[in-house]
>>> print(open('entry21.txt').read())   # compact mmCIF, C-alpha atoms and all ligand atoms
# COMPACT_ATOMS: atom_id res chain seq x y z
CA MET A 1 -48.80 -107.71 -79.21
CA SER A 2 -45.84 -106.84 -77.00
CA SER A 3 -43.68 -109.43 -75.27
CA TRP A 4 -40.99 -109.72 -72.62
CA ASP A 5 -37.64 -111.48 -72.18
CA HIS A 6 -37.86 -112.83 -68.64
CA CYS A 7 -40.26 -114.85 -66.47
CA LEU A 8 -42.71 -112.57 -64.68
CA LEU A 9 -42.80 -114.97 -61.74
CA CYS A 10 -39.21 -116.08 -61.05
CA GLY A 11 -37.29 -113.57 -63.19
CA ALA A 12 -35.38 -116.27 -65.15
CA LYS A 13 -34.33 -115.44 -68.71
CA GLN A 14 -35.13 -118.94 -70.04
CA ILE A 15 -38.58 -118.43 -71.51
CA LYS A 16 -39.67 -120.08 -74.74
CA PRO A 17 -42.81 -120.01 -76.93
CA PHE A 18 -45.23 -122.70 -75.72
CA LEU A 19 -48.30 -122.35 -77.95
CA GLU A 20 -50.63 -119.78 -79.49
CA GLY A 21 -54.24 -119.34 -78.37
CA VAL A 22 -57.29 -118.07 -80.21
CA ASN A 23 -58.85 -114.81 -79.00
CA ALA A 24 -62.39 -116.09 -78.42
CA ASP A 25 -63.88 -112.57 -78.32
CA ASP A 26 -62.58 -111.87 -81.81
CA PRO A 27 -61.53 -115.04 -83.67
CA ARG A 28 -60.26 -112.85 -86.57
CA ALA A 29 -57.67 -111.19 -84.32
CA PRO A 30 -54.05 -112.45 -84.33
CA LEU A 31 -53.32 -115.53 -82.21
CA ILE A 32 -52.10 -114.75 -78.68
CA PRO A 33 -48.61 -116.12 -77.89
CA ILE A 34 -48.20 -118.11 -74.68
CA TYR A 35 -44.77 -118.70 -73.11
CA LEU A 36 -43.26 -121.32 -70.83
CA CYS A 37 -40.57 -120.51 -68.25
CA GLN A 38 -38.02 -123.32 -68.38
CA GLN A 39 -36.80 -122.41 -64.90
CA CYS A 40 -40.02 -122.49 -62.83
CA GLY A 41 -42.42 -124.08 -65.33
CA ILE A 42 -45.05 -121.32 -65.24
CA ILE A 43 -46.98 -120.69 -68.47
CA ILE A 44 -47.88 -117.05 -69.22
CA SER A 45 -50.16 -115.47 -71.81
CA ALA A 46 -48.74 -112.47 -73.70
CA ALA A 47 -52.09 -110.70 -73.09
CA ILE A 48 -50.69 -109.75 -69.67
CA CYS A 49 -48.51 -107.12 -71.40
CA GLN A 50 -51.56 -105.36 -72.82
CA SER A 51 -52.95 -104.93 -69.35
CA ALA A 52 -49.75 -103.53 -67.82
CA ALA A 53 -51.32 -100.10 -67.44
CA GLN A 54 -54.75 -101.44 -66.63
CA ASN A 55 -54.99 -104.44 -64.30
CA PHE A 56 -58.36 -105.65 -65.49
CA PRO A 57 -59.07 -104.20 -68.97
CA GLU A 58 -62.77 -103.44 -68.73
CA GLN A 59 -63.53 -104.49 -72.31
CA ASN A 60 -62.63 -108.07 -71.30
CA TYR A 61 -65.44 -108.20 -68.74
CA LYS A 62 -68.15 -106.36 -70.66
CA ASN A 63 -70.47 -107.88 -73.27
CA ASN A 64 -72.36 -110.01 -70.76
CA TYR A 65 -69.19 -111.75 -69.50
CA TYR A 66 -70.96 -112.99 -66.36
CA GLY A 67 -73.91 -114.25 -68.41
CA GLU A 68 -76.20 -111.85 -66.54
CA ALA A 69 -78.58 -111.45 -69.51
CA ALA A 70 -79.14 -115.23 -69.64
CA ALA A 71 -79.11 -115.92 -65.87
CA GLY A 72 -82.92 -116.05 -65.60
CA ARG A 73 -83.38 -118.77 -68.25
CA PRO A 74 -84.67 -122.08 -66.80
CA LEU A 75 -81.75 -124.08 -68.29
CA ASN A 76 -79.16 -121.64 -66.89
CA ARG A 77 -80.85 -121.70 -63.48
CA LEU A 78 -80.75 -125.49 -63.45
CA PHE A 79 -77.06 -125.55 -64.41
CA ASN A 80 -76.30 -122.93 -61.76
CA ALA A 81 -78.06 -124.90 -59.04
CA LEU A 82 -76.16 -128.09 -59.99
CA PHE A 83 -72.78 -126.45 -60.40
CA GLN A 84 -72.99 -124.33 -57.25
CA THR A 85 -73.88 -127.47 -55.26
CA GLU A 86 -70.80 -129.15 -56.72
CA ARG A 87 -68.67 -126.12 -55.76
CA GLN A 88 -69.98 -126.16 -52.19
CA GLN A 89 -69.33 -129.90 -51.87
CA THR A 90 -65.84 -129.51 -53.33
CA SER A 91 -64.72 -126.64 -51.12
CA LEU A 92 -66.86 -126.57 -47.96
CA ALA A 93 -67.90 -130.16 -47.15
CA ARG A 94 -67.37 -130.73 -43.40
CA VAL A 95 -66.41 -127.05 -42.89
CA LYS A 96 -68.25 -125.24 -40.10
CA PRO A 97 -70.01 -122.05 -41.39
CA GLY A 98 -68.22 -118.84 -40.45
CA LYS A 99 -66.87 -115.79 -42.21
CA ILE A 100 -66.08 -116.35 -45.89
CA LEU A 101 -64.47 -114.17 -48.56
CA ASP A 102 -64.69 -115.04 -52.26
CA VAL A 103 -61.85 -113.30 -54.12
CA GLY A 104 -62.66 -112.53 -57.78
CA CYS A 105 -66.26 -113.36 -57.00
CA GLY A 106 -67.60 -111.97 -60.29
CA ASP A 107 -71.33 -111.42 -59.95
CA GLY A 108 -71.40 -113.18 -56.55
CA THR A 109 -73.17 -116.37 -57.70
CA PHE A 110 -71.13 -118.75 -55.50
CA LEU A 111 -71.79 -116.68 -52.37
CA SER A 112 -75.46 -116.24 -53.20
CA TYR A 113 -75.99 -120.03 -53.13
CA LEU A 114 -74.35 -120.47 -49.70
CA PRO A 115 -76.70 -120.98 -46.73
CA PRO A 116 -77.39 -117.79 -44.69
CA LEU A 117 -75.37 -119.25 -41.79
CA TRP A 118 -72.29 -117.97 -43.61
CA LYS A 119 -71.22 -114.33 -43.20
CA LYS A 120 -70.47 -113.54 -46.83
CA PHE A 121 -67.91 -111.13 -48.32
CA GLY A 122 -66.95 -110.74 -51.96
CA TYR A 123 -64.05 -109.01 -53.71
CA GLU A 124 -64.34 -108.27 -57.42
CA PRO A 125 -61.89 -105.94 -59.22
CA SER A 126 -63.96 -105.56 -62.40
CA PRO A 127 -66.47 -102.65 -62.27
CA CYS A 128 -68.95 -104.73 -64.35
CA GLY A 129 -68.94 -107.48 -61.71
CA GLN A 130 -69.06 -104.92 -58.87
CA ALA A 131 -72.19 -103.33 -60.36
CA ILE A 132 -74.06 -106.69 -60.28
CA LEU A 133 -72.67 -107.51 -56.82
CA LYS A 134 -74.15 -104.31 -55.34
CA ASN A 135 -77.66 -105.63 -55.98
CA ARG A 136 -77.05 -108.95 -54.24
CA GLU A 137 -78.57 -109.09 -50.79
CA GLY A 138 -76.53 -110.51 -47.93
CA ILE A 139 -73.14 -110.09 -49.64
CA HIS A 140 -70.75 -107.43 -48.34
CA PHE A 141 -68.21 -105.92 -50.71
CA PHE A 142 -64.67 -106.28 -49.39
CA ASP A 143 -61.87 -104.35 -51.07
CA LEU A 144 -58.78 -106.55 -50.99
CA ALA A 145 -56.75 -103.74 -52.56
CA SER A 146 -57.63 -101.13 -49.90
CA PRO A 147 -55.45 -100.34 -46.86
CA GLU A 148 -58.61 -100.45 -44.71
CA LYS A 149 -58.49 -104.20 -45.00
CA SER A 150 -56.05 -104.15 -42.06
CA ALA A 151 -59.13 -103.84 -39.84
CA GLN A 152 -60.03 -107.35 -41.01
CA GLU A 153 -56.65 -108.91 -40.14
CA GLN A 154 -56.83 -112.67 -39.57
CA SER A 155 -60.61 -112.62 -39.50
CA PHE A 156 -61.73 -114.96 -42.32
CA ASP A 157 -62.40 -118.66 -41.69
CA VAL A 158 -62.44 -119.49 -45.40
CA ILE A 159 -61.17 -117.65 -48.48
CA THR A 160 -62.05 -118.99 -51.91
CA LEU A 161 -60.84 -118.13 -55.41
CA TRP A 162 -63.08 -119.75 -58.02
CA GLN A 163 -61.41 -119.57 -61.41
CA SER A 164 -59.96 -116.17 -60.61
CA LEU A 165 -56.25 -116.55 -59.73
CA GLU A 166 -55.43 -117.09 -63.42
CA HIS A 167 -56.93 -113.62 -64.14
CA MET A 168 -54.86 -111.78 -61.50
CA PRO A 169 -52.03 -109.68 -63.00
CA ASP A 170 -49.89 -110.35 -59.90
CA PRO A 171 -50.89 -113.65 -58.23
CA GLN A 172 -48.06 -113.41 -55.65
CA ASN A 173 -49.39 -110.04 -54.50
CA THR A 174 -52.93 -111.45 -54.27
CA LEU A 175 -51.78 -114.43 -52.19
CA ASN A 176 -49.79 -112.13 -49.88
CA ALA A 177 -52.81 -109.87 -49.33
CA ILE A 178 -54.94 -112.94 -48.50
CA LYS A 179 -52.35 -114.18 -46.00
CA ASN A 180 -52.95 -111.12 -43.81
CA ILE A 181 -56.71 -111.57 -43.53
CA LEU A 182 -56.98 -115.38 -43.25
CA LYS A 183 -57.25 -116.79 -39.71
CA ASN A 184 -54.30 -118.94 -38.58
CA THR A 185 -56.70 -121.89 -38.59
CA GLY A 186 -58.38 -120.76 -41.83
CA ILE A 187 -58.71 -122.58 -45.14
CA LEU A 188 -57.71 -121.24 -48.54
CA PHE A 189 -59.48 -122.90 -51.47
CA ILE A 190 -58.34 -122.20 -55.04
CA SER A 191 -59.80 -123.57 -58.27
CA VAL A 192 -58.02 -122.83 -61.58
CA PRO A 193 -57.99 -124.50 -65.02
CA ASN A 194 -55.43 -127.32 -65.18
CA CYS A 195 -53.01 -126.61 -68.02
CA GLY A 196 -51.56 -130.08 -67.40
CA SER A 197 -54.95 -131.75 -68.00
CA LEU A 198 -55.64 -134.23 -70.75
CA GLN A 199 -58.02 -131.82 -72.50
CA ALA A 200 -55.46 -128.99 -72.38
CA LYS A 201 -52.82 -131.24 -73.96
CA ILE A 202 -55.15 -132.44 -76.73
CA PHE A 203 -56.83 -129.17 -77.76
CA ARG A 204 -53.93 -126.78 -77.07
CA GLY A 205 -54.70 -123.33 -78.60
CA ARG A 206 -58.39 -124.19 -79.08
CA TRP A 207 -58.91 -125.57 -75.55
CA PHE A 208 -62.05 -123.96 -74.15
CA HIS A 209 -60.53 -123.18 -70.74
CA LEU A 210 -57.35 -121.62 -72.20
CA ASP A 211 -59.01 -118.19 -72.76
CA PRO A 212 -55.64 -116.46 -73.33
CA THR A 213 -57.22 -112.98 -73.43
CA ARG A 214 -58.21 -113.09 -69.75
CA HIS A 215 -56.19 -115.99 -68.34
CA TYR A 216 -52.70 -114.58 -67.89
CA TRP A 217 -51.35 -117.54 -65.88
CA HIS A 218 -51.77 -121.20 -66.80
CA TYR A 219 -51.10 -123.53 -63.87
CA THR A 220 -50.11 -127.17 -63.48
CA PRO A 221 -50.07 -129.09 -60.16
CA LYS A 222 -46.34 -128.36 -59.87
CA THR A 223 -46.51 -124.60 -60.53
CA ILE A 224 -49.55 -123.88 -58.33
CA THR A 225 -47.87 -125.79 -55.47
CA ARG A 226 -44.65 -123.82 -55.91
CA LEU A 227 -46.52 -120.50 -56.04
CA LEU A 228 -48.45 -121.28 -52.84
CA GLU A 229 -45.41 -122.59 -50.96
CA ASN A 230 -43.36 -119.53 -51.91
CA ALA A 231 -46.18 -117.35 -50.56
CA GLY A 232 -46.15 -119.14 -47.17
CA TYR A 233 -48.94 -121.71 -47.58
CA HIS A 234 -48.96 -125.48 -47.22
CA VAL A 235 -50.90 -127.40 -49.89
CA VAL A 236 -53.15 -129.99 -48.22
CA THR A 237 -54.86 -131.54 -51.27
CA ILE A 238 -55.10 -131.08 -55.05
CA ARG A 239 -58.02 -132.72 -56.85
CA THR A 240 -58.83 -132.47 -60.54
CA LEU A 241 -62.43 -133.67 -60.97
CA SER A 242 -65.06 -131.09 -61.91
CA PHE A 243 -68.27 -131.93 -63.73
CA GLU A 244 -68.89 -128.21 -64.29
CA TYR A 245 -65.55 -127.57 -65.99
CA GLY A 246 -64.69 -131.06 -67.20
CA VAL A 247 -67.76 -131.96 -69.24
CA PHE A 248 -68.19 -128.56 -70.85
CA GLY A 249 -64.44 -128.28 -71.41
CA TRP A 250 -64.43 -131.48 -73.48
CA LEU A 251 -67.68 -130.71 -75.27
CA GLN A 252 -66.86 -127.15 -76.32
CA SER A 253 -63.24 -128.01 -77.18
CA PHE A 254 -64.39 -130.84 -79.49
CA LEU A 255 -66.83 -128.41 -81.14
CA ASN A 256 -63.97 -125.88 -81.46
CA LEU A 257 -62.33 -128.29 -83.94
CA LEU A 258 -65.18 -127.62 -86.41
CA PRO A 259 -64.74 -124.74 -88.89
CA ILE A 260 -67.30 -122.65 -86.98
CA GLU A 261 -66.74 -119.74 -84.60
CA ILE A 262 -64.80 -120.76 -81.51
CA ASN A 263 -66.85 -121.21 -78.27
CA LEU A 264 -70.13 -120.75 -80.20
CA PHE A 265 -72.10 -123.06 -77.89
CA TYR A 266 -70.86 -121.23 -74.79
CA LYS A 267 -71.61 -117.83 -76.32
CA ILE A 268 -75.19 -118.88 -77.09
CA LEU A 269 -75.72 -120.28 -73.58
CA LYS A 270 -74.42 -117.06 -72.03
CA SER A 271 -76.02 -114.69 -74.58
CA ARG A 272 -72.59 -113.38 -75.53
CA LYS A 273 -71.70 -111.71 -78.81
CA VAL A 274 -71.26 -114.04 -81.80
CA VAL A 275 -68.95 -112.47 -84.39
CA ARG A 276 -70.01 -114.70 -87.33
CA PRO A 277 -73.44 -116.26 -86.71
CA PRO A 278 -73.81 -119.58 -88.61
CA SER A 279 -76.67 -120.35 -91.00
CA LYS A 280 -79.66 -122.29 -89.61
CA ILE A 281 -78.61 -125.56 -91.23
CA VAL A 282 -75.02 -125.30 -89.99
CA PHE A 283 -76.31 -124.49 -86.52
CA CYS A 284 -78.55 -127.60 -86.55
CA ILE A 285 -75.55 -129.77 -87.51
CA TYR A 286 -73.55 -128.12 -84.72
CA LEU A 287 -76.27 -128.85 -82.15
CA ALA A 288 -76.55 -132.46 -83.31
CA ALA A 289 -72.77 -132.82 -82.90
CA ALA A 290 -73.08 -131.41 -79.35
CA VAL A 291 -75.76 -133.99 -78.43
CA ILE A 292 -73.62 -136.85 -79.81
CA LEU A 293 -70.49 -135.61 -78.01
CA LEU A 294 -72.13 -135.10 -74.60
CA PRO A 295 -71.92 -138.73 -73.31
CA LEU A 296 -68.33 -139.00 -74.58
CA SER A 297 -67.45 -135.75 -72.77
CA LEU A 298 -68.91 -137.10 -69.53
CA ALA A 299 -66.95 -140.36 -69.85
CA LEU A 300 -63.71 -138.49 -70.61
CA THR A 301 -64.25 -136.20 -67.60
CA LEU A 302 -64.32 -139.22 -65.30
CA PHE A 303 -61.38 -140.86 -67.08
CA GLU A 304 -59.09 -137.79 -66.94
CA ALA A 305 -59.82 -137.27 -63.24
CA LEU A 306 -59.11 -140.96 -62.58
CA ILE A 307 -55.60 -140.58 -64.01
CA LEU A 308 -55.24 -137.25 -62.07
CA ARG A 309 -55.29 -135.18 -65.28
CA GLY A 310 -58.72 -133.54 -64.81
CA SER A 311 -59.72 -130.14 -66.18
CA VAL A 312 -59.22 -128.14 -62.99
CA LEU A 313 -56.89 -127.87 -60.02
CA ASN A 314 -59.00 -127.75 -56.87
CA VAL A 315 -56.43 -126.83 -54.25
CA LYS A 316 -56.97 -126.75 -50.50
CA ALA A 317 -54.21 -124.94 -48.59
CA VAL A 318 -53.51 -123.64 -45.08
CA LEU A 319 -51.04 -121.13 -43.66
CA ARG A 320 -47.64 -122.59 -42.80
ZN ZN B 401 -40.13 -118.66 -64.07
>>> encode(input="entry21.txt", output="structure tokens")
Amino acid sequence: MSSWDHCLLCGAKQIKPFLEGVNADDPRAPLIPIYLCQQCGIIISAAICQSAAQNFPEQNYKNNYYGEAAAGRPLNRLFNALFQTERQQTSLARVKPGKILDVGCGDGTFLSYLPPLWKKFGYEPSPCGQAILKNREGIHFFDLASPEKSAQEQSFDVITLWQSLEHMPDPQNTLNAIKNILKNTGILFISVPNCGSLQAKIFRGRWFHLDPTRHYWHYTPKTITRLLENAGYHVVTIRTLSFEYGVFGWLQSFLNLLPIEINLFYKILKSRKVVRPPSKIVFCIYLAAAVILLPLSLALTLFEALILRGSVLNVKAVLR
């Protein structure tokens, strides 16, 4: 895998190896190096070099990445209903419905759960996500990368990025494009994995939310604040509690310590490809371990958020 000798965000030459992450799609592949800029503190996955010619390598978003094959299962529908309610409460509590854009909206699940009072727009760069989005009623596709977006200048009341800014090859460019279409009184809401969280520090290269193949940028409270302020935003709040990301992050990361394929539980839930399926007996032991670890994962989710080291950075920002 290729590398670079300067920070892709601030240009400083002081970058050093930080850790190595497992490629969850192919655990037999070489580990992916991740670097830390000693100047600005940003943490960058070397996978970003592979995508230099291709912003969103399509193979990374194929193979049922959005869990579309499993979306109709009762358990998945229950989880979706719970998690989308949590997302709405986190980002839109006490916000008057208006015009909303979800950037990196994937298959449009977040928008689809919003009440019809909202005028809903979604932007998704991956063709796989776009194909699912086309079949969603009531969601308009908005091309953030197109010059025609100028017709929508300062027109959105709310713009959200749910676990998508870490996938963007050029986050500064994305934040600049958003600045032009957000109303002066509008709200920007960003949720990204917290690389400064307790679970990130403990599990390091096997942390479930690291996903170094697709997550190019790994943020901490300090680096996301700096990125937003440099782009002309003012950070209003940063919160780190998420039951959706926290509990599963702990649970799957604990399971990733076992000598079994990484993210196996997640892959089964989402009907994603398992490279080395375990035997029935090993799988039963794995499931039993998951049941035992669930209450502990819930308790740790509350604890890490209490000490402000939760699994995500839920950031509310406004234009300066
Ligand atoms: Zn830097």
>>> residues_near_ligand(input="entry21.txt", ligand="ligand ZN 401 (chain B)", cutoff="8 Å", atoms="all atoms listed in the file", output="list in words")
His6, Cys7, Leu8, Leu9, Cys10, Gly11, Ala12, Gln14, Ile15, Leu36, Cys37, Gln38, Gln39, Cys40, Gly41 and Ile42 of chain A
>>> atom_distance(input="entry21.txt", atom1="CA of Gly98 (chain A)", atom2="CA of Thr185 (chain A)")
12.1 Å
>>> residues_around(input="entry21.txt", residues="Leu258 (chain A)", least_positions_apart="4", cutoff="10 Å", atoms="only C-alpha atoms", output="VMD selection string")
chain A and resid 253 to 254 262 286 289
>>> write_last_selection(input="entry21.txt", atoms="C-alpha atoms", output="PDB file, in the coordinates of the input")
ATOM      1  CA  SER A 253     -63.240-128.010 -77.180  1.00  0.00           C
ATOM      2  CA  PHE A 254     -64.390-130.840 -79.490  1.00  0.00           C
ATOM      3  CA  ILE A 262     -64.800-120.760 -81.510  1.00  0.00           C
ATOM      4  CA  TYR A 286     -73.550-128.120 -84.720  1.00  0.00           C
ATOM      5  CA  ALA A 289     -72.770-132.820 -82.900  1.00  0.00           C
TER       6      ALA A 289
END
>>> atom_distance(input="entry21.txt", atom1="CA of Asn180 (chain A)", atom2="CA of Ile159 (chain A)")
11.5 Å
>>> closest_residue(input="entry21.txt", among="A:Val158, A:Pro17, A:Phe283, A:Asp107", to="Val95 (chain A)", atoms="only C-alpha atoms")
A:Val158
>>> residues_near_point(input="entry21.txt", point="(-58.3, -119.3, -74.0)", cutoff="10 Å", atoms="all atoms listed in the file", output="PyMOL selection string")
chain A and resi 20-25+32+45+204-216+218+263
>>> residues_around(input="entry21.txt", residues="Leu101 (chain A)", least_positions_apart="6", cutoff="8 Å", atoms="all atoms listed in the file", output="NGL selection string")
:A and (120-123 or 142 or 156 or 158-160)
>>> closest_residue(input="entry21.txt", among="A:Ser164, A:Ser197, A:Thr90, A:Asn314", to="Thr225 (chain A)", atoms="only C-alpha atoms")
A:Asn314
>>> closest_residue(input="entry21.txt", among="A:Ile139, A:Gly246, A:Phe83, A:Arg320", to="Ser297 (chain A)", atoms="all atoms listed in the file")
A:Gly246
>>> closest_residue(input="entry21.txt", among="A:Pro278, A:Ala200, A:His167, A:Lys270", to="Asn80 (chain A)", atoms="all atoms listed in the file")
A:Lys270
>>> closest_residue(input="entry21.txt", among="A:Leu227, A:Leu251, A:Ala177, A:Leu264", to="Phe203 (chain A)", atoms="only C-alpha atoms")
A:Leu251
>>> closest_residue(input="entry21.txt", among="A:Lys316, A:Pro259, A:Val247, A:Leu269", to="Leu302 (chain A)", atoms="only C-alpha atoms")
A:Val247
>>> residues_near_point(input="entry21.txt", point="(-59.8, -106.2, -51.3)", cutoff="12 Å", atoms="only C-alpha atoms", output="PyMOL selection string")
chain A and resi 101-105+121-126+140-153+159+173-178+180-181
>>> atom_distance(input="entry21.txt", atom1="CA of Ser155 (chain A)", atom2="CA of Ile187 (chain A)")
11.6 Å
>>> residues_around(input="entry21.txt", residues="Tyr233 (chain A)", least_positions_apart="5", cutoff="6 Å", atoms="only C-alpha atoms", output="VMD selection string")
chain A and resid 228 318 to 320
>>> decode(input="entry21.txt", residues="region 36-121 of chain A", atoms="C-alpha atoms", output="PDB file, in the first residue's frame")
ATOM      1  CA  LEU A  36      -0.887  10.692  13.077  1.00  0.00           C
ATOM      2  CA  CYS A  37       0.037  14.279  12.163  1.00  0.00           C
ATOM      3  CA  GLN A  38       2.037  15.692  15.061  1.00  0.00           C
ATOM      4  CA  GLN A  39       1.251  19.225  13.914  1.00  0.00           C
ATOM      5  CA  CYS A  40      -2.580  19.211  13.712  1.00  0.00           C
ATOM      6  CA  GLY A  41      -3.357  15.886  15.414  1.00  0.00           C
ATOM      7  CA  ILE A  42      -5.407  14.397  12.560  1.00  0.00           C
ATOM      8  CA  ILE A  43      -5.235  10.611  12.129  1.00  0.00           C
ATOM      9  CA  ILE A  44      -5.319   9.320   8.529  1.00  0.00           C
ATOM     10  CA  SER A  45      -5.710   5.836   7.080  1.00  0.00           C
ATOM     11  CA  ALA A  46      -3.278   4.875   4.298  1.00  0.00           C
ATOM     12  CA  ALA A  47      -6.286   3.476   2.367  1.00  0.00           C
ATOM     13  CA  ILE A  48      -6.892   7.057   1.195  1.00  0.00           C
ATOM     14  CA  CYS A  49      -3.934   6.667  -1.207  1.00  0.00           C
ATOM     15  CA  GLN A  50      -5.592   3.731  -2.950  1.00  0.00           C
ATOM     16  CA  SER A  51      -8.596   5.866  -3.710  1.00  0.00           C
ATOM     17  CA  ALA A  52      -6.636   8.817  -5.117  1.00  0.00           C
ATOM     18  CA  ALA A  53      -7.911   8.119  -8.616  1.00  0.00           C
ATOM     19  CA  GLN A  54     -11.317   6.994  -7.469  1.00  0.00           C
ATOM     20  CA  ASN A  55     -12.999   8.963  -4.680  1.00  0.00           C
ATOM     21  CA  PHE A  56     -15.277   6.185  -3.497  1.00  0.00           C
ATOM     22  CA  PRO A  57     -13.886   2.815  -4.685  1.00  0.00           C
ATOM     23  CA  GLU A  58     -17.059   0.971  -5.595  1.00  0.00           C
ATOM     24  CA  GLN A  59     -15.840  -2.388  -4.290  1.00  0.00           C
ATOM     25  CA  ASN A  60     -15.892  -0.882  -0.767  1.00  0.00           C
ATOM     26  CA  TYR A  61     -19.645  -0.259  -0.951  1.00  0.00           C
ATOM     27  CA  LYS A  62     -20.737  -3.434  -2.720  1.00  0.00           C
ATOM     28  CA  ASN A  63     -21.388  -6.812  -1.084  1.00  0.00           C
ATOM     29  CA  ASN A  64     -24.490  -5.630   0.767  1.00  0.00           C
ATOM     30  CA  TYR A  65     -22.638  -2.768   2.518  1.00  0.00           C
ATOM     31  CA  TYR A  66     -25.911  -1.039   3.430  1.00  0.00           C
ATOM     32  CA  GLY A  67     -27.364  -4.299   4.751  1.00  0.00           C
ATOM     33  CA  GLU A  68     -30.123  -4.098   2.132  1.00  0.00           C
ATOM     34  CA  ALA A  69     -30.484  -7.899   1.882  1.00  0.00           C
ATOM     35  CA  ALA A  70     -31.162  -8.129   5.636  1.00  0.00           C
ATOM     36  CA  ALA A  71     -33.219  -4.920   6.020  1.00  0.00           C
ATOM     37  CA  GLY A  72     -36.570  -6.754   5.999  1.00  0.00           C
ATOM     38  CA  ARG A  73     -35.726  -9.103   8.905  1.00  0.00           C
ATOM     39  CA  PRO A  74     -37.829  -8.425  12.033  1.00  0.00           C
ATOM     40  CA  LEU A  75     -34.725  -7.984  14.249  1.00  0.00           C
ATOM     41  CA  ASN A  76     -33.131  -5.523  11.804  1.00  0.00           C
ATOM     42  CA  ARG A  77     -36.397  -3.579  11.523  1.00  0.00           C
ATOM     43  CA  LEU A  78     -36.611  -3.323  15.303  1.00  0.00           C
ATOM     44  CA  PHE A  79     -33.000  -2.118  15.573  1.00  0.00           C
ATOM     45  CA  ASN A  80     -33.603   0.387  12.773  1.00  0.00           C
ATOM     46  CA  ALA A  81     -36.694   1.810  14.455  1.00  0.00           C
ATOM     47  CA  LEU A  82     -34.819   2.199  17.776  1.00  0.00           C
ATOM     48  CA  PHE A  83     -31.645   3.621  16.293  1.00  0.00           C
ATOM     49  CA  GLN A  84     -33.371   6.037  13.920  1.00  0.00           C
ATOM     50  CA  THR A  85     -35.422   7.369  16.858  1.00  0.00           C
ATOM     51  CA  GLU A  86     -32.170   7.905  18.759  1.00  0.00           C
ATOM     52  CA  ARG A  87     -30.680   9.724  15.739  1.00  0.00           C
ATOM     53  CA  GLN A  88     -33.716  12.005  15.448  1.00  0.00           C
ATOM     54  CA  GLN A  89     -33.614  12.810  19.164  1.00  0.00           C
ATOM     55  CA  THR A  90     -29.876  13.464  19.024  1.00  0.00           C
ATOM     56  CA  SER A  91     -29.911  15.783  16.023  1.00  0.00           C
ATOM     57  CA  LEU A  92     -33.411  17.266  15.622  1.00  0.00           C
ATOM     58  CA  ALA A  93     -34.988  17.546  19.093  1.00  0.00           C
ATOM     59  CA  ARG A  94     -36.610  21.003  19.383  1.00  0.00           C
ATOM     60  CA  VAL A  95     -35.807  21.782  15.711  1.00  0.00           C
ATOM     61  CA  LYS A  96     -38.728  23.024  13.608  1.00  0.00           C
ATOM     62  CA  PRO A  97     -39.265  20.834  10.481  1.00  0.00           C
ATOM     63  CA  GLY A  98     -38.036  22.445   7.264  1.00  0.00           C
ATOM     64  CA  LYS A  99     -35.729  21.554   4.421  1.00  0.00           C
ATOM     65  CA  ILE A 100     -33.121  18.931   5.304  1.00  0.00           C
ATOM     66  CA  LEU A 101     -30.167  17.461   3.405  1.00  0.00           C
ATOM     67  CA  ASP A 102     -28.420  14.284   4.558  1.00  0.00           C
ATOM     68  CA  VAL A 103     -24.901  14.187   3.076  1.00  0.00           C
ATOM     69  CA  GLY A 104     -23.550  10.646   2.577  1.00  0.00           C
ATOM     70  CA  CYS A 105     -27.053   9.379   3.218  1.00  0.00           C
ATOM     71  CA  GLY A 106     -26.292   5.822   2.053  1.00  0.00           C
ATOM     72  CA  ASP A 107     -29.562   4.051   1.335  1.00  0.00           C
ATOM     73  CA  GLY A 108     -31.587   6.951   2.818  1.00  0.00           C
ATOM     74  CA  THR A 109     -32.686   5.178   6.022  1.00  0.00           C
ATOM     75  CA  PHE A 110     -32.338   8.245   8.290  1.00  0.00           C
ATOM     76  CA  LEU A 111     -34.431  10.414   5.954  1.00  0.00           C
ATOM     77  CA  SER A 112     -37.034   7.696   5.446  1.00  0.00           C
ATOM     78  CA  TYR A 113     -37.789   7.648   9.196  1.00  0.00           C
ATOM     79  CA  LEU A 114     -38.296  11.437   9.422  1.00  0.00           C
ATOM     80  CA  PRO A 115     -41.916  12.672   9.599  1.00  0.00           C
ATOM     81  CA  PRO A 116     -43.358  13.844   6.235  1.00  0.00           C
ATOM     82  CA  LEU A 117     -43.336  17.452   7.525  1.00  0.00           C
ATOM     83  CA  TRP A 118     -39.679  17.538   6.513  1.00  0.00           C
ATOM     84  CA  LYS A 119     -38.742  18.287   2.893  1.00  0.00           C
ATOM     85  CA  LYS A 120     -36.087  15.610   2.420  1.00  0.00           C
ATOM     86  CA  PHE A 121     -32.962  15.645   0.238  1.00  0.00           C
TER      87      PHE A 121
END
